[in-house]
file structure17.pdb (PDB, C-alpha atoms)
ATOM      1  CA  MET A   1      10.549  -4.230 -40.306
ATOM      2  CA  ASN A   2      12.243  -1.453 -38.327
ATOM      3  CA  CYS A   3      12.396  -1.134 -34.538
ATOM      4  CA  GLN A   4       9.803   1.646 -34.324
ATOM      5  CA  ILE A   5       7.129  -0.450 -36.041
ATOM      6  CA  VAL A   6       8.098  -3.520 -33.992
ATOM      7  CA  GLN A   7       7.774  -1.645 -30.692
ATOM      8  CA  GLU A   8       4.291  -0.477 -31.696
ATOM      9  CA  ARG A   9       3.279  -4.054 -32.576
ATOM     10  CA  ILE A  10       4.677  -5.336 -29.262
ATOM     11  CA  VAL A  11       2.045  -3.259 -27.450
ATOM     12  CA  THR A  12      -0.844  -4.591 -29.572
ATOM     13  CA  ALA A  13       0.452  -8.155 -29.257
ATOM     14  CA  GLU A  14       0.536  -7.933 -25.442
ATOM     15  CA  TYR A  15      -3.094  -6.787 -25.393
ATOM     16  CA  GLY A  16      -4.687  -9.483 -27.529
ATOM     17  CA  GLU A  17      -3.634  -9.246 -31.174
ATOM     18  CA  PRO A  18      -1.738 -12.318 -32.471
ATOM     19  CA  GLU A  19       1.975 -11.850 -33.066
ATOM     20  CA  ALA A  20       3.039 -11.781 -36.729
ATOM     21  CA  HIS A  21       5.814 -14.033 -37.973
ATOM     22  CA  GLU A  22       7.890 -10.962 -38.903
ATOM     23  CA  LEU A  23       7.593  -9.654 -35.332
ATOM     24  CA  GLU A  24       8.887 -12.930 -33.876
ATOM     25  CA  LEU A  25      11.832 -12.962 -36.293
ATOM     26  CA  HIS A  26      12.748  -9.385 -35.442
ATOM     27  CA  LEU A  27      12.597 -10.019 -31.674
ATOM     28  CA  ALA A  28      14.799 -13.073 -32.038
ATOM     29  CA  GLY A  29      17.596 -10.942 -33.483
ATOM     30  CA  CYS A  30      17.107  -7.566 -31.763
ATOM     31  CA  ALA A  31      18.131  -7.264 -28.094
ATOM     32  CA  GLU A  32      16.784  -3.700 -27.802
ATOM     33  CA  CYS A  33      13.266  -4.694 -28.853
ATOM     34  CA  ARG A  34      13.317  -7.780 -26.596
ATOM     35  CA  LYS A  35      14.220  -5.475 -23.700
ATOM     36  CA  GLU A  36      11.261  -3.224 -24.635
ATOM     37  CA  GLN A  37       8.944  -6.261 -24.622
ATOM     38  CA  GLU A  38      10.177  -7.399 -21.198
ATOM     39  CA  GLN A  39       9.665  -3.937 -19.680
ATOM     40  CA  LEU A  40       6.151  -3.746 -21.127
ATOM     41  CA  ARG A  41       5.250  -7.130 -19.620
ATOM     42  CA  ALA A  42       6.564  -6.070 -16.213
ATOM     43  CA  LEU A  43       4.566  -2.828 -16.444
ATOM     44  CA  LYS A  44       1.450  -4.813 -17.368
ATOM     45  CA  VAL A  45       1.869  -6.979 -14.251
ATOM     46  CA  LEU A  46       2.012  -3.893 -12.055
ATOM     47  CA  ALA A  47      -0.921  -2.216 -13.794
ATOM     48  CA  GLU A  48      -3.117  -5.228 -13.009
ATOM     49  CA  ALA A  49      -2.270  -4.762  -9.327
ATOM     50  CA  TYR A  50      -3.968  -1.327  -9.223
ATOM     51  CA  PRO A  51      -7.734  -1.700  -9.682
ATOM     52  CA  VAL A  52      -9.709   1.494  -9.134
ATOM     53  CA  ALA A  53     -11.737   1.574  -5.908
ATOM     54  CA  GLU A  54     -14.235   4.085  -4.559
ATOM     55  CA  PRO A  55     -13.258   5.922  -1.330
ATOM     56  CA  ASP A  56     -14.589   4.177   1.772
ATOM     57  CA  ALA A  57     -17.353   5.879   3.780
ATOM     58  CA  ASN A  58     -15.226   5.749   6.952
ATOM     59  CA  LEU A  59     -12.351   7.479   5.156
ATOM     60  CA  MET A  60     -14.681  10.268   4.002
ATOM     61  CA  ALA A  61     -16.102  10.660   7.524
ATOM     62  CA  ARG A  62     -12.629  10.900   9.095
ATOM     63  CA  SER A  63     -11.573  13.465   6.485
ATOM     64  CA  ARG A  64     -14.629  15.622   7.184
ATOM     65  CA  MET A  65     -13.963  15.467  10.943
ATOM     66  CA  ARG A  66     -10.375  16.617  10.443
ATOM     67  CA  LEU A  67     -11.469  19.402   8.091
ATOM     68  CA  ASP A  68     -14.113  20.611  10.565
ATOM     69  CA  GLU A  69     -11.546  20.648  13.377
ATOM     70  CA  ALA A  70      -9.082  22.602  11.242
ATOM     71  CA  LEU A  71     -11.753  25.146  10.240
ATOM     72  CA  ASP A  72     -12.885  25.583  13.858
ATOM     73  CA  ALA A  73      -9.297  26.310  14.872
ATOM     74  CA  LEU A  74      -8.981  29.208  12.404
ATOM     75  CA  PRO A  75      -9.321  32.703  13.985
ATOM     76  CA  THR A  76     -12.333  34.798  12.967
ATOM     77  CA  ARG A  77     -11.408  37.451  10.402
ATOM     78  CA  ARG A  78     -12.780  41.014  10.209
ATOM     79  CA  TRP A  79     -15.112  42.044   7.375
ATOM     80  CA  TYR A  80     -12.458  44.002   5.464
ATOM     81  CA  GLU A  81     -10.059  41.045   5.663
ATOM     82  CA  ARG A  82     -12.702  38.746   4.157
ATOM     83  CA  LEU A  83     -13.405  41.295   1.394
ATOM     84  CA  GLY A  84      -9.715  41.505   0.547
ATOM     85  CA  GLN A  85      -9.387  37.720   0.426
ATOM     86  CA  GLN A  86     -12.345  37.468  -1.975
ATOM     87  CA  PHE A  87     -10.673  40.019  -4.280
ATOM     88  CA  VAL A  88      -7.374  38.066  -4.224
ATOM     89  CA  ASN A  89      -9.189  34.796  -4.924
ATOM     90  CA  GLY A  90     -10.908  36.348  -7.944
ATOM     91  CA  ILE A  91      -7.571  37.457  -9.417
ATOM     92  CA  ALA A  92      -6.091  33.988  -8.783
ATOM     93  CA  ARG A  93      -8.945  32.294 -10.645
ATOM     94  CA  LEU A  94      -8.323  34.481 -13.696
ATOM     95  CA  GLN A  95      -4.595  33.709 -13.633
ATOM     96  CA  ALA A  96      -5.161  29.976 -13.190
ATOM     97  CA  ALA A  97      -7.486  29.586 -16.189
ATOM     98  CA  PRO A  98      -4.747  28.889 -18.814
ATOM     99  CA  VAL A  99      -3.309  26.020 -16.773
ATOM    100  CA  ALA A 100      -6.589  24.301 -15.917
ATOM    101  CA  ALA A 101      -6.128  21.683 -18.629
ATOM    102  CA  GLY A 102      -2.664  20.872 -17.300
ATOM    103  CA  LEU A 103      -4.019  20.394 -13.795
ATOM    104  CA  LEU A 104      -6.652  17.984 -15.099
ATOM    105  CA  LEU A 105      -3.916  15.938 -16.765
ATOM    106  CA  VAL A 106      -1.913  15.755 -13.503
ATOM    107  CA  VAL A 107      -5.005  14.644 -11.595
ATOM    108  CA  GLY A 108      -5.674  11.906 -14.141
ATOM    109  CA  LEU A 109      -2.135  10.557 -13.916
ATOM    110  CA  GLY A 110      -2.214  10.573 -10.110
ATOM    111  CA  ALA A 111      -5.507   8.688  -9.935
ATOM    112  CA  GLY A 112      -4.059   5.540 -11.492
ATOM    113  CA  SER A 113      -1.081   5.307  -9.120
ATOM    114  CA  LEU A 114      -3.320   5.751  -6.083
ATOM    115  CA  GLY A 115      -5.698   2.944  -7.108
ATOM    116  CA  GLY A 116      -3.791   0.076  -5.450
ATOM    117  CA  PHE A 117      -3.359   1.991  -2.199
ATOM    118  CA  ARG A 118      -7.067   2.955  -2.067
ATOM    119  CA  LEU A 119      -8.101  -0.677  -2.630
ATOM    120  CA  ALA A 120      -6.034  -2.030   0.252
ATOM    121  CA  GLU A 121      -7.119   0.859   2.520
ATOM    122  CA  THR A 122     -10.766   0.210   1.620
ATOM    123  CA  ARG A 123     -10.426  -3.495   2.512
ATOM    124  CA  THR A 124      -8.814  -2.604   5.841
ATOM    125  CA  ALA A 125     -11.506  -0.062   6.744
ATOM    126  CA  HIS A 126     -14.197  -2.580   5.747
ATOM    127  CA  ALA A 127     -12.663  -5.206   8.041
ATOM    128  CA  LEU A 128     -12.580  -2.702  10.904
ATOM    129  CA  ALA A 129     -16.245  -1.845  10.385
ATOM    130  CA  VAL A 130     -17.246  -5.535  10.313
ATOM    131  CA  GLN A 131     -15.342  -6.255  13.538
ATOM    132  CA  THR A 132     -16.958  -3.276  15.265
ATOM    133  CA  ALA A 133     -20.476  -4.259  14.119
ATOM    134  CA  GLN A 134     -19.972  -7.814  15.348
ATOM    135  CA  ALA A 135     -18.669  -6.767  18.766
ATOM    136  CA  ALA A 136     -21.051  -7.763  21.597
ATOM    137  CA  PRO A 137     -22.161  -5.396  24.409
ATOM    138  CA  MET A 138     -19.642  -4.958  27.212
ATOM    139  CA  GLN A 139     -21.575  -6.992  29.766
ATOM    140  CA  ALA A 140     -21.704  -9.972  27.386
ATOM    141  CA  ARG A 141     -17.963  -9.917  26.573
ATOM    142  CA  PRO A 142     -15.356 -12.177  28.197
ATOM    143  CA  ALA A 143     -13.167 -10.419  30.749
ATOM    144  CA  THR A 144     -10.223 -10.402  28.300
ATOM    145  CA  GLN A 145     -11.995  -8.273  25.657
ATOM    146  CA  THR A 146     -12.233  -4.480  25.562
ATOM    147  CA  GLU A 147     -14.940  -2.139  24.245
ATOM    148  CA  VAL A 148     -13.648   0.521  21.854
ATOM    149  CA  PRO A 149     -15.412   2.937  19.474
ATOM    150  CA  ALA A 150     -15.675   2.532  15.708
ATOM    151  CA  ALA A 151     -12.593   3.380  13.656
ATOM    152  CA  ALA A 152     -14.181   6.577  12.293
ATOM    153  CA  GLN A 153     -14.544   7.888  15.867
ATOM    154  CA  ILE A 154     -10.845   7.463  16.743
ATOM    155  CA  ALA A 155      -8.767  10.601  16.189
ATOM    156  CA  ASN A 156      -5.354   8.925  16.542
ATOM    157  CA  ILE A 157      -3.305   6.376  18.486
ATOM    158  CA  SER A 158      -0.791   7.970  20.873
ATOM    159  CA  SER A 159       1.119   4.933  22.201
ATOM    160  CA  ILE A 160       1.278   1.109  22.188
ATOM    161  CA  VAL A 161       2.961  -0.836  25.020
ATOM    162  CA  ARG A 162       3.179  -4.628  25.279
ATOM    163  CA  GLN A 163       3.681  -6.072  28.754
ATOM    164  CA  PRO A 164       6.863  -8.208  28.972
ATOM    165  CA  ASN A 165       6.369 -11.954  28.445
ATOM    166  CA  SER A 166       2.642 -11.467  27.917
ATOM    167  CA  HIS A 167      -0.037 -11.127  25.254
ATOM    168  CA  ILE A 168      -1.448  -8.076  27.067
ATOM    169  CA  VAL A 169      -1.168  -4.794  25.121
ATOM    170  CA  GLU A 170      -2.023  -1.283  26.333
ATOM    171  CA  VAL A 171      -3.151   1.081  23.567
ATOM    172  CA  ARG A 172      -3.688   4.786  24.255
ATOM    173  CA  TYR A 173      -5.982   6.459  21.736
ATOM    174  CA  ASN A 174      -7.731   9.831  21.418
ATOM    175  CA  GLN A 175     -11.340  10.730  20.758
ATOM    176  CA  LEU A 176     -12.544  14.015  22.144
ATOM    177  CA  THR A 177     -10.545  13.090  25.258
ATOM    178  CA  PRO A 178      -7.660  10.583  25.592
ATOM    179  CA  GLN A 179      -8.749   6.965  26.104
ATOM    180  CA  VAL A 180      -6.947   3.759  27.091
ATOM    181  CA  ALA A 181      -7.751   0.190  26.021
ATOM    182  CA  LYS A 182      -6.004  -2.839  27.525
ATOM    183  CA  GLY A 183      -6.386  -6.467  26.504
ATOM    184  CA  SER A 184      -4.888  -9.543  24.869
ATOM    185  CA  LEU A 185      -3.595  -9.629  21.293
ATOM    186  CA  ASP A 186      -6.419 -12.111  20.641
ATOM    187  CA  ASP A 187      -8.975  -9.425  21.556
ATOM    188  CA  PRO A 188     -10.723  -8.112  18.374
ATOM    189  CA  ALA A 189     -10.844  -4.610  19.891
ATOM    190  CA  ILE A 190      -7.053  -4.550  20.420
ATOM    191  CA  ARG A 191      -6.508  -5.842  16.884
ATOM    192  CA  GLN A 192      -8.795  -3.102  15.575
ATOM    193  CA  LEU A 193      -6.768  -0.435  17.361
ATOM    194  CA  LEU A 194      -3.520  -1.858  15.989
ATOM    195  CA  MET A 195      -4.882  -1.626  12.440
ATOM    196  CA  VAL A 196      -6.017   1.963  13.016
ATOM    197  CA  ALA A 197      -2.605   2.852  14.478
ATOM    198  CA  SER A 198      -0.783   1.552  11.402
ATOM    199  CA  GLN A 199      -2.587   4.133   9.238
ATOM    200  CA  LYS A 200      -3.715   7.043  11.390
ATOM    201  CA  SER A 201      -0.881   7.696  13.831
ATOM    202  CA  SER A 202       1.400  10.635  13.010
ATOM    203  CA  SER A 203       4.147   9.002  15.113
ATOM    204  CA  ALA A 204       6.507   6.690  13.223
ATOM    205  CA  GLY A 205       7.261   4.929  16.517
ATOM    206  CA  VAL A 206       3.589   4.090  17.112
ATOM    207  CA  ARG A 207       3.176   2.857  13.527
ATOM    208  CA  ASP A 208       6.331   0.779  13.987
ATOM    209  CA  ASP A 209       4.954  -0.788  17.184
ATOM    210  CA  SER A 210       1.580  -1.607  15.641
ATOM    211  CA  VAL A 211       3.013  -3.074  12.412
ATOM    212  CA  ALA A 212       5.588  -5.100  14.388
ATOM    213  CA  LEU A 213       2.874  -6.668  16.557
ATOM    214  CA  MET A 214       0.661  -7.456  13.549
ATOM    215  CA  ALA A 215       3.637  -8.907  11.644
ATOM    216  CA  ASP A 216       4.492 -11.153  14.597
ATOM    217  CA  GLU A 217       0.903 -12.401  14.675
ATOM    218  CA  CYS A 218       1.008 -13.173  10.939
ATOM    219  CA  LYS A 219       4.368 -14.957  11.149
ATOM    220  CA  ALA A 220       3.015 -17.032  14.046
ATOM    221  CA  GLY A 221      -0.158 -17.863  12.064
ATOM    222  CA  HIS A 222      -2.493 -16.206  14.602
ATOM    223  CA  GLY A 223      -5.556 -14.899  12.754
ATOM    224  CA  CYS A 224      -3.853 -13.039   9.881
ATOM    225  CA  LYS A 225      -6.929 -13.118   7.657
ATOM    226  CA  THR A 226      -7.112 -12.012   4.035
ATOM    227  CA  GLU A 227      -9.102  -8.992   5.172
ATOM    228  CA  GLY A 228      -8.003  -7.116   8.266
ATOM    229  CA  ILE A 229      -4.457  -7.387   9.548
ATOM    230  CA  ARG A 230      -3.053  -8.624   6.231
ATOM    231  CA  ASP A 231      -4.602  -5.668   4.399
ATOM    232  CA  ALA A 232      -3.235  -3.262   7.012
ATOM    233  CA  LEU A 233       0.262  -4.663   6.372
ATOM    234  CA  LEU A 234      -0.231  -4.238   2.604
ATOM    235  CA  VAL A 235      -1.118  -0.570   3.112
ATOM    236  CA  ALA A 236       1.941  -0.060   5.340
ATOM    237  CA  LEU A 237       4.253  -1.750   2.817
ATOM    238  CA  ARG A 238       2.981   0.340  -0.085
ATOM    239  CA  SER A 239       2.607   3.750   1.523
ATOM    240  CA  ASP A 240       4.418   4.214   4.851
ATOM    241  CA  LYS A 241       7.313   6.689   4.642
ATOM    242  CA  ASN A 242       9.305   4.986   7.402
ATOM    243  CA  ASP A 243      11.780   2.346   6.172
ATOM    244  CA  THR A 244      11.567   0.276   9.364
ATOM    245  CA  VAL A 245       7.758   0.137   9.202
ATOM    246  CA  ARG A 246       7.814  -1.027   5.557
ATOM    247  CA  GLU A 247      10.452  -3.648   6.341
ATOM    248  CA  LYS A 248       8.425  -5.114   9.210
ATOM    249  CA  ALA A 249       5.279  -5.157   7.076
ATOM    250  CA  LEU A 250       7.227  -7.082   4.427
ATOM    251  CA  GLU A 251       8.334  -9.649   7.011
ATOM    252  CA  GLY A 252       4.765 -10.135   8.207
ATOM    253  CA  LEU A 253       3.512 -10.761   4.663
ATOM    254  CA  LYS A 254       6.231 -13.313   3.837
ATOM    255  CA  PRO A 255       4.194 -16.443   4.778
ATOM    256  CA  TYR A 256       1.451 -15.479   2.286
ATOM    257  CA  VAL A 257       3.428 -14.649  -0.882
ATOM    258  CA  ALA A 258       2.673 -18.063  -2.422
ATOM    259  CA  GLU A 259      -1.054 -18.214  -1.630
ATOM    260  CA  ASP A 260      -2.154 -14.566  -2.022
ATOM    261  CA  THR A 261      -1.566 -12.837  -5.383
ATOM    262  CA  ARG A 262      -2.189  -9.433  -3.767
ATOM    263  CA  VAL A 263       0.760 -10.044  -1.446
ATOM    264  CA  ARG A 264       2.880 -11.220  -4.380
ATOM    265  CA  ASN A 265       2.060  -8.079  -6.391
ATOM    266  CA  ALA A 266       2.836  -5.813  -3.422
ATOM    267  CA  VAL A 267       6.234  -7.487  -2.966
ATOM    268  CA  LEU A 268       6.962  -7.044  -6.698
ATOM    269  CA  GLU A 269       6.080  -3.345  -6.377
ATOM    270  CA  SER A 270       8.543  -3.019  -3.501
ATOM    271  CA  LEU A 271      11.250  -4.677  -5.595
ATOM    272  CA  LEU A 272      10.663  -2.247  -8.454
ATOM    273  CA  ASN A 273       9.859   0.987  -6.636
ATOM    274  CA  ASP A 274      11.141   1.079  -3.044
ATOM    275  CA  TYR A 275      14.061   3.488  -2.610
ATOM    276  CA  ASP A 276      15.659   1.426   0.203
ATOM    277  CA  PRO A 277      18.018  -1.247  -1.249
ATOM    278  CA  LYS A 278      17.671  -3.312   1.932
ATOM    279  CA  ILE A 279      13.912  -3.636   1.444
ATOM    280  CA  ARG A 280      14.336  -4.434  -2.263
ATOM    281  CA  THR A 281      16.848  -7.177  -1.421
ATOM    282  CA  ALA A 282      14.455  -8.573   1.198
ATOM    283  CA  ALA A 283      11.691  -8.571  -1.433
ATOM    284  CA  ILE A 284      13.843 -10.771  -3.709
ATOM    285  CA  ASP A 285      14.418 -13.222  -0.832
ATOM    286  CA  ILE A 286      10.703 -13.344  -0.016
ATOM    287  CA  LEU A 287       9.862 -14.151  -3.654
ATOM    288  CA  GLU A 288      11.947 -17.351  -3.505
ATOM    289  CA  PRO A 289       8.923 -19.713  -3.174
ATOM    290  CA  VAL A 290       7.375 -18.236  -6.359
ATOM    291  CA  GLU A 291      10.490 -17.595  -8.461
ATOM    292  CA  GLY A 292       9.106 -19.904 -11.156
ATOM    293  CA  ASP A 293       5.965 -17.764 -11.567
ATOM    294  CA  THR A 294       5.826 -16.058 -14.980
ATOM    295  CA  SER A 295       5.085 -12.541 -13.704
ATOM    296  CA  VAL A 296       7.782 -12.821 -11.008
ATOM    297  CA  ARG A 297      10.389 -13.905 -13.560
ATOM    298  CA  GLN A 298       9.438 -11.073 -15.899
ATOM    299  CA  VAL A 299      10.003  -8.502 -13.175
ATOM    300  CA  LEU A 300      13.260 -10.166 -12.054
ATOM    301  CA  HIS A 301      14.498 -10.258 -15.647
ATOM    302  CA  SER A 302      13.697  -6.549 -16.089
ATOM    303  CA  VAL A 303      15.463  -5.652 -12.837
ATOM    304  CA  ALA A 304      18.479  -7.823 -13.690
ATOM    305  CA  ASN A 305      18.988  -5.960 -16.974
ATOM    306  CA  THR A 306      17.916  -2.367 -16.288
ATOM    307  CA  ASP A 307      18.125  -1.557 -12.565
ATOM    308  CA  ARG A 308      20.501   1.237 -11.550
ATOM    309  CA  ASN A 309      21.694  -0.591  -8.448
ATOM    310  CA  PRO A 310      24.476  -3.069  -9.407
ATOM    311  CA  TYR A 311      23.919  -5.226  -6.314
ATOM    312  CA  ILE A 312      20.194  -5.584  -7.059
ATOM    313  CA  ARG A 313      21.028  -6.501 -10.675
ATOM    314  CA  THR A 314      23.509  -9.148  -9.505
ATOM    315  CA  VAL A 315      21.114 -10.735  -6.990
ATOM    316  CA  SER A 316      18.318 -10.831  -9.581
ATOM    317  CA  ARG A 317      20.597 -12.534 -12.126
ATOM    318  CA  GLN A 318      21.624 -15.140  -9.553
ATOM    319  CA  VAL A 319      17.985 -15.931  -8.810
ATOM    320  CA  LEU A 320      17.221 -16.350 -12.520
ATOM    321  CA  GLU A 321      20.250 -18.621 -13.004
ATOM    322  CA  ASN A 322      19.174 -20.850 -10.123
ATOM    323  CA  GLU A 323      15.653 -21.188 -11.582
ATOM    324  CA  PRO A 324      16.159 -21.378 -15.360
ATOM    325  CA  GLU A 325      12.782 -22.776 -16.396
ATOM    326  CA  ILE A 326       9.413 -21.020 -16.082
ATOM    327  CA  GLN A 327       7.010 -23.249 -14.210
TER     328      GLN A 327
END
call {"tool": "encode", "arguments": {"input": "structure17.pdb", "output": "structure tokens"}}
result
Amino acid sequence: MNCQIVQERIVTAEYGEPEAHELELHLAGCAECRKEQEQLRALKVLAEAYPVAEPDANLMARSRMRLDEALDALPTRRWYERLGQQFVNGIARLQAAPVAAGLLLVVGLGAGSLGGFRLAETRTAHALAVQTAQAAPMQARPATQTEVPAAAQIANISSIVRQPNSHIVEVRYNQLTPQVAKGSLDDPAIRQLLMVASQKSSSAGVRDDSVALMADECKAGHGCKTEGIRDALLVALRSDKNDTVREKALEGLKPYVAEDTRVRNAVLESLLNDYDPKIRTAAIDILEPVEGDTSVRQVLHSVANTDRNPYIRTVSRQVLENEPEIQ
């Protein structure tokens, strides 16, 4: 049995068909095919972490608001300018026809990679909506709680300031006009604004502040529920472009890597895909409580043998040597 046939049978074996005796014999003596099997198993672990989710209604509403604002800001064009643009658009459609099939292929490939991010964002938006719906009228609230609008009505978060030696946080946010909310970190309204800031702010500094506060709350065990703050940290870890923000989100998720498989999968994704070696090294350290887990060991084994970074390969090998048996 040659390697090409074996590699085809590895795929069918991983997805339900029983392994033939010849396949097992070949894998026992062929390092290249064993490496192919290990990479396939690691890929399968990551694929299971990306279920497809429908876009949340709040996300669609925010997108429409931004589109309407952008369209309103465009200057009015004269009739001959509009006529010329229609002519150019017609020519472009004719030229684009041969590549339409290629564009459909690109869209299909992109949809799978965005699935995990959309799921975590959907959970976060759902938690924000639930907190807003459960909020009592202002006159019935304790003095420490603050009334804020629903997440879909917030344009962005402009700044977050925590008072020294206090749980009081001042959050400046924008609707049609700038607004300010001030309250304790235990206040659901303040928590809601922090979650919005981690996703909607264009300022890396504001996202850093919000993720840092949420991470501190999680590390201290203060109300870091499965839905809500924890989901906001998962979104930040997977999608934020700022290295510091991703690193702080990783720290906040550390206490939950053993109990929450979604956290474990997100940490494994960071180990495999993050371009910052510091974050990848931190991901290996965070996985220490679950190093005996089968999926974790598969990913570590793949990284130890194939990663381009020699330091990451060395650290992964050391972890595997210290935990030789799969639990």
call {"tool": "residues_around", "arguments": {"input": "structure17.pdb", "residues": "A:Val148", "least_positions_apart": "6", "cutoff": "9 Å", "atoms": "only C-alpha atoms", "output": "ChimeraX atom specification"}}
result
/A:132,181,189-190,192-193
call {"tool": "atom_distance", "arguments": {"input": "structure17.pdb", "atom1": "atom CA of A:Cys33", "atom2": "atom CA of A:Ala13"}}
result
13.3 Å
call {"tool": "residues_around", "arguments": {"input": "structure17.pdb", "residues": "stretch 288-304 of chain A", "least_positions_apart": "6", "cutoff": "9 Å", "atoms": "all atoms listed in the file", "output": "list in words"}}
result
Lys35, Glu38, Gln39, Arg41, Ala42, Leu43, Val45, Val257, Ala258, Arg264, Asn265, Leu268, Leu271, Leu272, Pro310, Ile312, Arg313, Thr314, Val315, Ser316, Arg317, Gln318, Val319, Leu320, Glu323, Pro324, Glu325, Ile326 and Gln327 of chain A
call {"tool": "closest_residue", "arguments": {"input": "structure17.pdb", "among": "A:Asp307, A:Glu217, A:Asp68, A:Asp240", "to": "A:Lys200", "atoms": "all atoms listed in the file"}}
result
A:Asp240
call {"tool": "resolve_selection", "arguments": {"input": "structure17.pdb", "expression": "the PyMOL selection byres ((chain A and resi 159) around 7)", "output": "ChimeraX atom specification"}}
result
/A:157-158,160-161,171-172,206
call {"tool": "atom_distance", "arguments": {"input": "structure17.pdb", "atom1": "atom CA of A:Arg246", "atom2": "atom CA of A:Ala215"}}
result
10.8 Å
call {"tool": "residues_around", "arguments": {"input": "structure17.pdb", "residues": "A:Gly252", "least_positions_apart": "4", "cutoff": "9 Å", "atoms": "all atoms listed in the file", "output": "number ranges by chain"}}
result
A: 211-212, 214-219, 230, 233, 247-248, 256
call {"tool": "atom_distance", "arguments": {"input": "structure17.pdb", "atom1": "atom CA of A:Gln179", "atom2": "atom CA of A:Leu237"}}
result
28.1 Å
call {"tool": "resolve_selection", "arguments": {"input": "structure17.pdb", "expression": "the PyMOL selection byres ((chain A and resi 266) around 12)", "output": "MDAnalysis selection string"}}
result
chainID A and resid 45:50 116:117 120 230:231 233:239 246 249:250 253:254 256:257 260:265 267:274 280 283 286:287 296
call {"tool": "resolve_selection", "arguments": {"input": "structure17.pdb", "expression": "the PyMOL selection byres ((chain A and resi 2-6) around 8)", "output": "list in words"}}
result
Met1, Gln7, Glu8, Arg9, Ile10, Leu23, His26 and Cys33 of chain A
call {"tool": "closest_residue", "arguments": {"input": "structure17.pdb", "among": "A:Gly205, A:Pro277, A:Gly228, A:Gly183", "to": "A:Val169", "atoms": "only C-alpha atoms"}}
result
A:Gly183
